[in-house]
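**Student:** This one is coords-v8.cif, mmCIF, C-alpha atoms and all ligand atoms.
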```cif
data_coords
loop_
_atom_site.label_atom_id
_atom_site.label_comp_id
_atom_site.auth_asym_id
_atom_site.auth_seq_id
_atom_site.Cartn_x
_atom_site.Cartn_y
_atom_site.Cartn_z
CA MET A 1 0.48 6.09 -18.29
CA LYS A 2 0.03 3.27 -15.78
CA ARG A 3 -3.51 2.47 -14.68
CA VAL A 4 -3.54 2.01 -10.92
CA ALA A 5 -6.09 0.42 -8.58
CA VAL A 6 -5.86 1.24 -4.88
CA LEU A 7 -7.15 -1.34 -2.40
CA ALA A 8 -8.01 -0.01 1.05
CA SER A 9 -10.02 -1.05 4.09
CA GLY A 10 -9.91 1.96 6.38
CA ARG A 11 -9.51 5.70 6.64
CA GLY A 12 -7.64 5.97 3.36
CA THR A 13 -5.10 8.68 4.08
CA ASN A 14 -2.52 6.89 1.94
CA LEU A 15 -5.11 6.59 -0.81
CA GLN A 16 -5.60 10.36 -0.52
CA ALA A 17 -1.86 10.98 -0.73
CA LEU A 18 -1.70 8.87 -3.89
CA ILE A 19 -4.69 10.66 -5.42
CA ASP A 20 -3.22 14.07 -4.67
CA ALA A 21 0.23 13.15 -5.95
CA THR A 22 -0.96 11.54 -9.18
CA ARG A 23 -3.20 14.53 -9.90
CA LYS A 24 -0.26 16.90 -9.67
CA GLY A 25 0.89 15.36 -12.91
CA ASP A 26 4.51 14.36 -12.32
CA ILE A 27 3.75 10.66 -11.87
CA PRO A 28 2.95 8.76 -15.09
CA ALA A 29 0.08 6.98 -13.35
CA THR A 30 -3.61 7.52 -12.90
CA ILE A 31 -5.83 5.95 -10.27
CA VAL A 32 -8.67 4.38 -12.19
CA LEU A 33 -10.23 2.31 -9.45
CA VAL A 34 -10.60 2.18 -5.66
CA VAL A 35 -11.71 -1.08 -4.09
CA THR A 36 -12.58 -1.70 -0.49
CA ASP A 37 -13.70 -4.79 1.38
CA ARG A 38 -15.51 -2.77 4.08
CA GLU A 39 -18.72 -0.91 3.64
CA ASP A 40 -17.83 1.66 6.31
CA ALA A 41 -14.32 2.41 5.01
CA GLN A 42 -13.60 6.11 4.76
CA ALA A 43 -11.57 5.19 1.70
CA LEU A 44 -14.89 4.55 -0.06
CA LYS A 45 -15.95 8.16 0.50
CA ARG A 46 -12.59 9.47 -0.60
CA GLY A 47 -12.79 7.57 -3.87
CA ILE A 48 -16.28 8.86 -4.60
CA GLN A 49 -15.49 12.45 -3.54
CA ASN A 50 -12.55 12.42 -5.90
CA PHE A 51 -14.68 11.16 -8.81
CA ILE A 52 -12.82 7.88 -9.10
CA LYS A 53 -14.62 4.65 -9.92
CA THR A 54 -15.06 3.15 -6.45
CA LEU A 55 -16.26 -0.26 -5.47
CA TYR A 56 -17.20 -2.01 -2.26
CA LEU A 57 -16.54 -5.69 -2.83
CA SER A 58 -18.02 -7.63 0.07
CA PRO A 59 -16.10 -10.69 1.18
CA GLU A 60 -19.23 -12.21 2.68
CA GLY A 61 -19.66 -15.86 1.77
CA LEU A 62 -16.56 -15.95 -0.44
CA SER A 63 -13.37 -17.92 0.11
CA ARG A 64 -10.14 -15.96 -0.23
CA GLU A 65 -9.55 -17.44 -3.69
CA ALA A 66 -13.11 -16.74 -4.84
CA TYR A 67 -12.84 -13.15 -3.63
CA ASP A 68 -9.52 -12.62 -5.34
CA SER A 69 -10.70 -14.22 -8.60
CA LEU A 70 -13.63 -11.83 -8.65
CA LEU A 71 -11.34 -8.93 -7.86
CA LEU A 72 -8.97 -10.03 -10.62
CA GLU A 73 -11.80 -10.03 -13.17
CA ILE A 74 -12.71 -6.51 -12.12
CA LEU A 75 -9.11 -5.34 -12.33
CA GLN A 76 -8.67 -6.84 -15.77
CA ALA A 77 -11.96 -5.39 -17.00
CA ASN A 78 -10.61 -1.98 -15.94
CA GLN A 79 -7.23 -2.62 -17.60
CA VAL A 80 -5.40 -2.10 -14.33
CA ASP A 81 -1.58 -2.35 -14.60
CA VAL A 82 -0.53 -1.67 -11.01
CA LEU A 83 -2.09 -2.35 -7.59
CA ALA A 84 -1.37 -0.27 -4.52
CA LEU A 85 -2.40 -1.74 -1.18
CA ALA A 86 -3.15 1.08 1.22
CA GLY A 87 -4.27 -0.38 4.51
CA PHE A 88 -6.01 -3.28 2.78
CA MET A 89 -6.67 -5.74 5.59
CA ARG A 90 -6.73 -8.89 3.49
CA ILE A 91 -3.89 -11.19 2.57
CA LEU A 92 -3.77 -11.57 -1.19
CA SER A 93 -3.88 -15.07 -2.60
CA PRO A 94 -1.43 -16.33 -5.24
CA VAL A 95 -4.08 -16.00 -7.96
CA LEU A 96 -3.81 -12.22 -7.67
CA ILE A 97 -0.12 -11.98 -6.93
CA ARG A 98 0.81 -14.13 -9.92
CA ALA A 99 -1.39 -12.06 -12.21
CA TYR A 100 0.57 -8.92 -11.23
CA PRO A 101 4.17 -10.01 -10.71
CA ASN A 102 6.17 -7.13 -9.18
CA LYS A 103 3.31 -4.79 -9.95
CA ILE A 104 1.73 -4.76 -6.48
CA LEU A 105 2.90 -2.23 -3.90
CA ASN A 106 2.31 -2.28 -0.18
CA ILE A 107 3.10 0.21 2.55
CA HIS A 108 3.89 -0.91 6.06
CA PRO A 109 4.40 1.30 9.13
CA SER A 110 7.73 -0.09 10.28
CA LEU A 111 11.23 -0.61 8.96
CA LEU A 112 10.81 -4.14 7.60
CA PRO A 113 11.85 -6.82 8.25
CA ALA A 114 11.24 -5.54 11.79
CA PHE A 115 7.68 -5.71 13.05
CA PRO A 116 5.61 -7.22 10.23
CA GLY A 117 1.92 -7.86 10.76
CA LEU A 118 -0.62 -5.92 12.79
CA HIS A 119 0.11 -3.03 15.18
CA ALA A 120 3.62 -2.47 13.86
CA GLN A 121 3.96 0.87 15.66
CA ARG A 122 2.96 -0.68 19.00
CA GLN A 123 5.38 -3.55 18.41
CA ALA A 124 8.19 -1.07 17.74
CA LEU A 125 7.41 0.94 20.86
CA GLU A 126 7.21 -2.13 23.07
CA TYR A 127 10.44 -3.52 21.65
CA GLY A 128 12.19 -0.28 22.51
CA VAL A 129 13.69 0.70 19.16
CA LYS A 130 14.98 4.27 18.93
CA VAL A 131 14.28 4.62 15.22
CA SER A 132 11.29 3.42 13.23
CA GLY A 133 9.61 4.42 10.00
CA CYS A 134 7.81 3.01 7.02
CA THR A 135 8.54 0.69 4.14
CA VAL A 136 7.14 0.52 0.64
CA HIS A 137 7.74 -2.87 -0.92
CA LEU A 138 6.69 -5.12 -3.76
CA VAL A 139 4.22 -7.77 -2.71
CA ASP A 140 5.22 -11.40 -2.92
CA GLU A 141 3.48 -14.46 -1.53
CA GLU A 142 4.56 -13.83 2.08
CA VAL A 143 3.05 -11.14 4.25
CA ASP A 144 5.05 -7.87 4.58
CA HIS A 145 7.99 -9.56 2.94
CA GLY A 146 8.65 -8.62 -0.71
CA PRO A 147 11.58 -6.59 -2.12
CA ILE A 148 11.94 -3.15 -0.54
CA ILE A 149 11.62 -0.12 -2.80
CA LEU A 150 12.21 2.55 -0.19
CA GLN A 151 12.10 3.30 3.51
CA ARG A 152 11.82 6.51 5.50
CA THR A 153 12.83 6.77 9.12
CA VAL A 154 11.57 8.67 12.14
CA PRO A 155 12.97 8.95 15.68
CA VAL A 156 11.20 7.32 18.60
CA PHE A 157 10.99 9.60 21.65
CA ASP A 158 10.71 8.63 25.32
CA THR A 159 7.41 10.46 25.51
CA ASP A 160 5.89 8.61 22.53
CA THR A 161 2.63 6.72 22.68
CA GLU A 162 1.36 4.42 19.97
CA GLU A 163 -0.67 7.38 18.67
CA THR A 164 2.14 9.92 18.51
CA LEU A 165 4.56 7.47 16.91
CA SER A 166 1.91 6.36 14.39
CA ALA A 167 1.23 9.98 13.45
CA ARG A 168 4.94 10.69 12.92
CA ILE A 169 5.29 7.60 10.74
CA LEU A 170 2.11 8.39 8.81
CA GLU A 171 3.52 11.74 7.69
CA GLN A 172 6.43 9.86 6.15
CA GLU A 173 4.12 7.27 4.60
CA HIS A 174 2.37 10.03 2.69
CA LEU A 175 5.70 11.06 1.17
CA ALA A 176 7.09 7.58 0.63
CA TYR A 177 4.12 6.03 -1.14
CA PRO A 178 3.83 8.54 -4.01
CA GLU A 179 7.61 8.45 -4.42
CA ALA A 180 7.62 4.67 -4.74
CA LEU A 181 4.66 4.69 -7.12
CA LYS A 182 6.51 7.20 -9.27
CA LEU A 183 9.55 4.92 -9.49
CA LEU A 184 7.41 1.92 -10.44
CA ALA A 185 5.36 3.91 -12.94
CA GLU A 186 8.52 5.20 -14.58
CA ASP A 187 9.78 1.61 -14.93
CA ARG A 188 12.87 2.50 -12.93
CA LEU A 189 12.92 -0.48 -10.56
CA ILE A 190 15.54 -3.12 -11.30
CA LEU A 191 15.24 -6.33 -9.32
CA GLN A 192 18.40 -8.16 -8.32
CA GLY A 193 17.25 -10.99 -6.12
CA ARG A 194 15.65 -9.24 -3.18
CA ARG A 195 17.40 -5.96 -3.93
CA VAL A 196 15.60 -3.22 -5.76
CA LEU A 197 17.97 -0.92 -7.61
CA ILE A 198 16.79 2.40 -8.94
CA ARG A 199 17.63 3.25 -12.53
CA GLN A 200 18.86 6.86 -12.58
C1 LIG A 301 -1.03 2.71 7.31
O1 LIG A 301 -0.36 2.87 8.52
C2 LIG A 301 -0.32 1.71 6.44
O2 LIG A 301 1.06 1.73 6.60
C3 LIG A 301 -0.88 0.40 6.93
O3 LIG A 301 -2.24 0.68 7.21
C4 LIG A 301 -2.40 2.05 7.50
C5 LIG A 301 -3.43 2.59 6.56
O4 LIG A 301 -3.77 3.93 6.88
N1 LIG A 301 -0.67 -0.65 5.96
P1 LIG A 301 -4.66 4.76 5.87
O5 LIG A 301 -5.96 3.96 5.69
O6 LIG A 301 -3.92 4.90 4.59
O7 LIG A 301 -4.91 6.07 6.54
#
```
Before anything else, please render the file you have as structure tokens.
Ligand code: GRF
**Tutor:**
Amino acid sequence: MKRVAVLASGRGTNLQALIDATRKGDIPATIVLVVTDREDAQALKRGIQNFIKTLYLSPEGLSREAYDSLLLEILQANQVDVLALAGFMRILSPVLIRAYPNKILNIHPSLLPAFPGLHAQRQALEYGVKVSGCTVHLVDEEVDHGPIILQRTVPVFDTDTEETLSARILEQEHLAYPEALKLLAEDRLILQGRRVLIRQ
């Protein structure tokens, strides 16, 4: 059973999807810790309401490295094996990434490598793509860049706004993230360079 920490800064719907999926019992993983860097994050409430150890770790007055070192101590004290970033609005420093090589997942609301960074759905709409989606990938030292575990696509309609497209993508995120966590937890990911192959 893998011990998972979820890091989130906002509303936490992906956190919720991971909680619900892991509690169903077909993923050999349990969420042992929720960490947020924002006091007003809805993710904080979700962690507490689901009886998971939940922590607000304020970044105030800390450098990125100092924050991540503190976070790393907390993760290690809780024997965390896997990190899932779920709308965590901080870039992780190498201290954390090197401590969890290929054990950190991120979800991004576009088909990477298209539209990394903030407002991916708006970027996609403005660019004029006809298909978008979401990507779950392993985290490396570049933002929205690591090896891709899986992607799910959605159509982009002429009538779409940033909100409607985001909502359509979000539905797919809630399916993709648990699926990717399951693959990682079952040790089924085989890395070949940037390619992630799935052991059947
Ligand atoms: C999601 O769109 C995710 O892809 C991105 O941040 C958003 C988080 O949403 N990284 P939520 O907090 O999980 O609802």
**Student:** Kindly extract all protein, DNA and RNA residues lying within 9 Å of the coordinates (6.7, -2.2, 7.8) given in the file, considering only C-alpha atoms, and supply them as a ChimeraX atom specification.
**Tutor:** /A:107-117,120-121,133-137,144-145,151
**Student:** Only C-alpha atoms, please: the residues just picked out, written as a JSON list (two decimals), in the coordinates of the input.
**Tutor:**
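Output saved as again.json:
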```
[["chain", "number", "residue", "atom", "x", "y", "z"],
["A", 107, "ILE", "CA", 3.10, 0.21, 2.55],
["A", 108, "HIS", "CA", 3.89, -0.91, 6.06],
["A", 109, "PRO", "CA", 4.40, 1.30, 9.13],
["A", 110, "SER", "CA", 7.73, -0.09, 10.28],
["A", 111, "LEU", "CA", 11.23, -0.61, 8.96],
["A", 112, "LEU", "CA", 10.81, -4.14, 7.60],
["A", 113, "PRO", "CA", 11.85, -6.82, 8.25],
["A", 114, "ALA", "CA", 11.24, -5.54, 11.79],
["A", 115, "PHE", "CA", 7.68, -5.71, 13.05],
["A", 116, "PRO", "CA", 5.61, -7.22, 10.23],
["A", 117, "GLY", "CA", 1.92, -7.86, 10.76],
["A", 120, "ALA", "CA", 3.62, -2.47, 13.86],
["A", 121, "GLN", "CA", 3.96, 0.87, 15.66],
["A", 133, "GLY", "CA", 9.61, 4.42, 10.00],
["A", 134, "CYS", "CA", 7.81, 3.01, 7.02],
["A", 135, "THR", "CA", 8.54, 0.69, 4.14],
["A", 136, "VAL", "CA", 7.14, 0.52, 0.64],
["A", 137, "HIS", "CA", 7.74, -2.87, -0.92],
["A", 144, "ASP", "CA", 5.05, -7.87, 4.58],
["A", 145, "HIS", "CA", 7.99, -9.56, 2.94],
["A", 151, "GLN", "CA", 12.10, 3.30, 3.51]]
```
**Student:** Work out how far apart CA of Asp158 in chain A and CA of Arg11 in chain A are and give it in Å to one decimal.
**Tutor:**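 CA of Arg11 in chain A lies 27.7 Å from CA of Asp158 in chain A.
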**Student:** So which residues touch Glu142 in chain A within 10 Å, counting all atoms listed in the file, skipping near sequence neighbours fewer than 4 positions away, as a list of chain:residue names?
**Tutor:**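 Listed by chain and then number, they are A:Ile91, A:Leu92, A:Ser93, A:Pro94, A:Gly146.
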**Student:** Would you compute the distance between CA of Asn14 in chain A and CA of Tyr127 in chain A? Give it in Å to one decimal.
**Tutor:**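 Separation of CA of Asn14 in chain A and CA of Tyr127 in chain A: 25.8 Å.
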**Student:** What separation in Å, quoted to one decimal, exists between CA of Ser63 in chain A and CA of Val32 in chain A?
**Tutor:**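 Spanning CA of Ser63 in chain A to CA of Val32 in chain A is a straight-line distance of 25.9 Å.
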**Student:** Have a look at A:Gly87, A:Pro28, A:Gly47, A:Pro59 and name the one nearest to ligand LIG 301 (chain A); count all atoms listed in the file.
**Tutor:**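 Smallest distance to ligand LIG 301 (chain A) is found for A:Gly87.
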**Student:** Which residues, written as a list in words, have at least one atom at most 8 Å from Thr36 in chain A, with only C-alpha atoms counted and residues fewer than 5 positions away on the same chain left out?
**Tutor:**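 Here the answer would be Leu7, Ala8, Ser9, Ala41, Ala43, Leu44, Leu55, Tyr56, Leu57 and Phe88 of chain A.
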**Student:** Taking all atoms listed in the file into account, which of A:Leu96, A:Ile48, A:Leu118, A:Ile169 comes nearest Asp140 in chain A?
**Tutor:**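 Ranking A:Leu96, A:Ile48, A:Leu118, A:Ile169 by distance to Asp140 in chain A, first place goes to A:Leu96.
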**Student:** I'd like to know which of A:Ile149, A:Val95, A:Leu138, A:Met89 is closest to ligand LIG 301 (chain A), using all atoms listed in the file.
**Tutor:**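 The answer is A:Met89, which sits nearest to ligand LIG 301 (chain A).
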**Student:** Hey, which of A:Leu189, A:Ala17, A:Ala124, A:Val34 ends up closest to ligand LIG 301 (chain A)? Count all atoms listed in the file.
**Tutor:**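 Looking only at the distances to ligand LIG 301 (chain A), the closest residue turns out to be A:Ala17.
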**Student:** For ligand LIG 301 (chain A), which residue among A:Asn102, A:Gln192, A:Thr22, A:Thr13 is the nearest when counting only C-alpha atoms and all ligand atoms?
**Tutor:** A:Thr13
**Student:** Please identify all polymer residues lying at most 8 Å from the point (-1.5, 8.5, -11.0) (file coordinates), using all atoms listed in the file, and present the result as a ChimeraX atom specification.
**Tutor:** /A:1-4,18-19,21-23,25,27-31
**Student:** Could you check which of A:Ile148, A:Leu15, A:Val80, A:Ala180 is closest to Lys45 in chain A, using only C-alpha atoms?
**Tutor:**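 Under the stated criterion, the closest residue is A:Leu15.
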**Student:** Please put the answer as lines of an AutoDock Vina configuration file: centre and edge lengths, in Å with one decimal, of a box along x, y and z that encloses all listed atoms of range 15-26 of chain A plus 4 Å on each side.
**Tutor:**
```
center_x = -0.5
center_y = 11.7
center_z = -6.7
size_x = 18.1
size_y = 18.3
size_z = 20.4
```
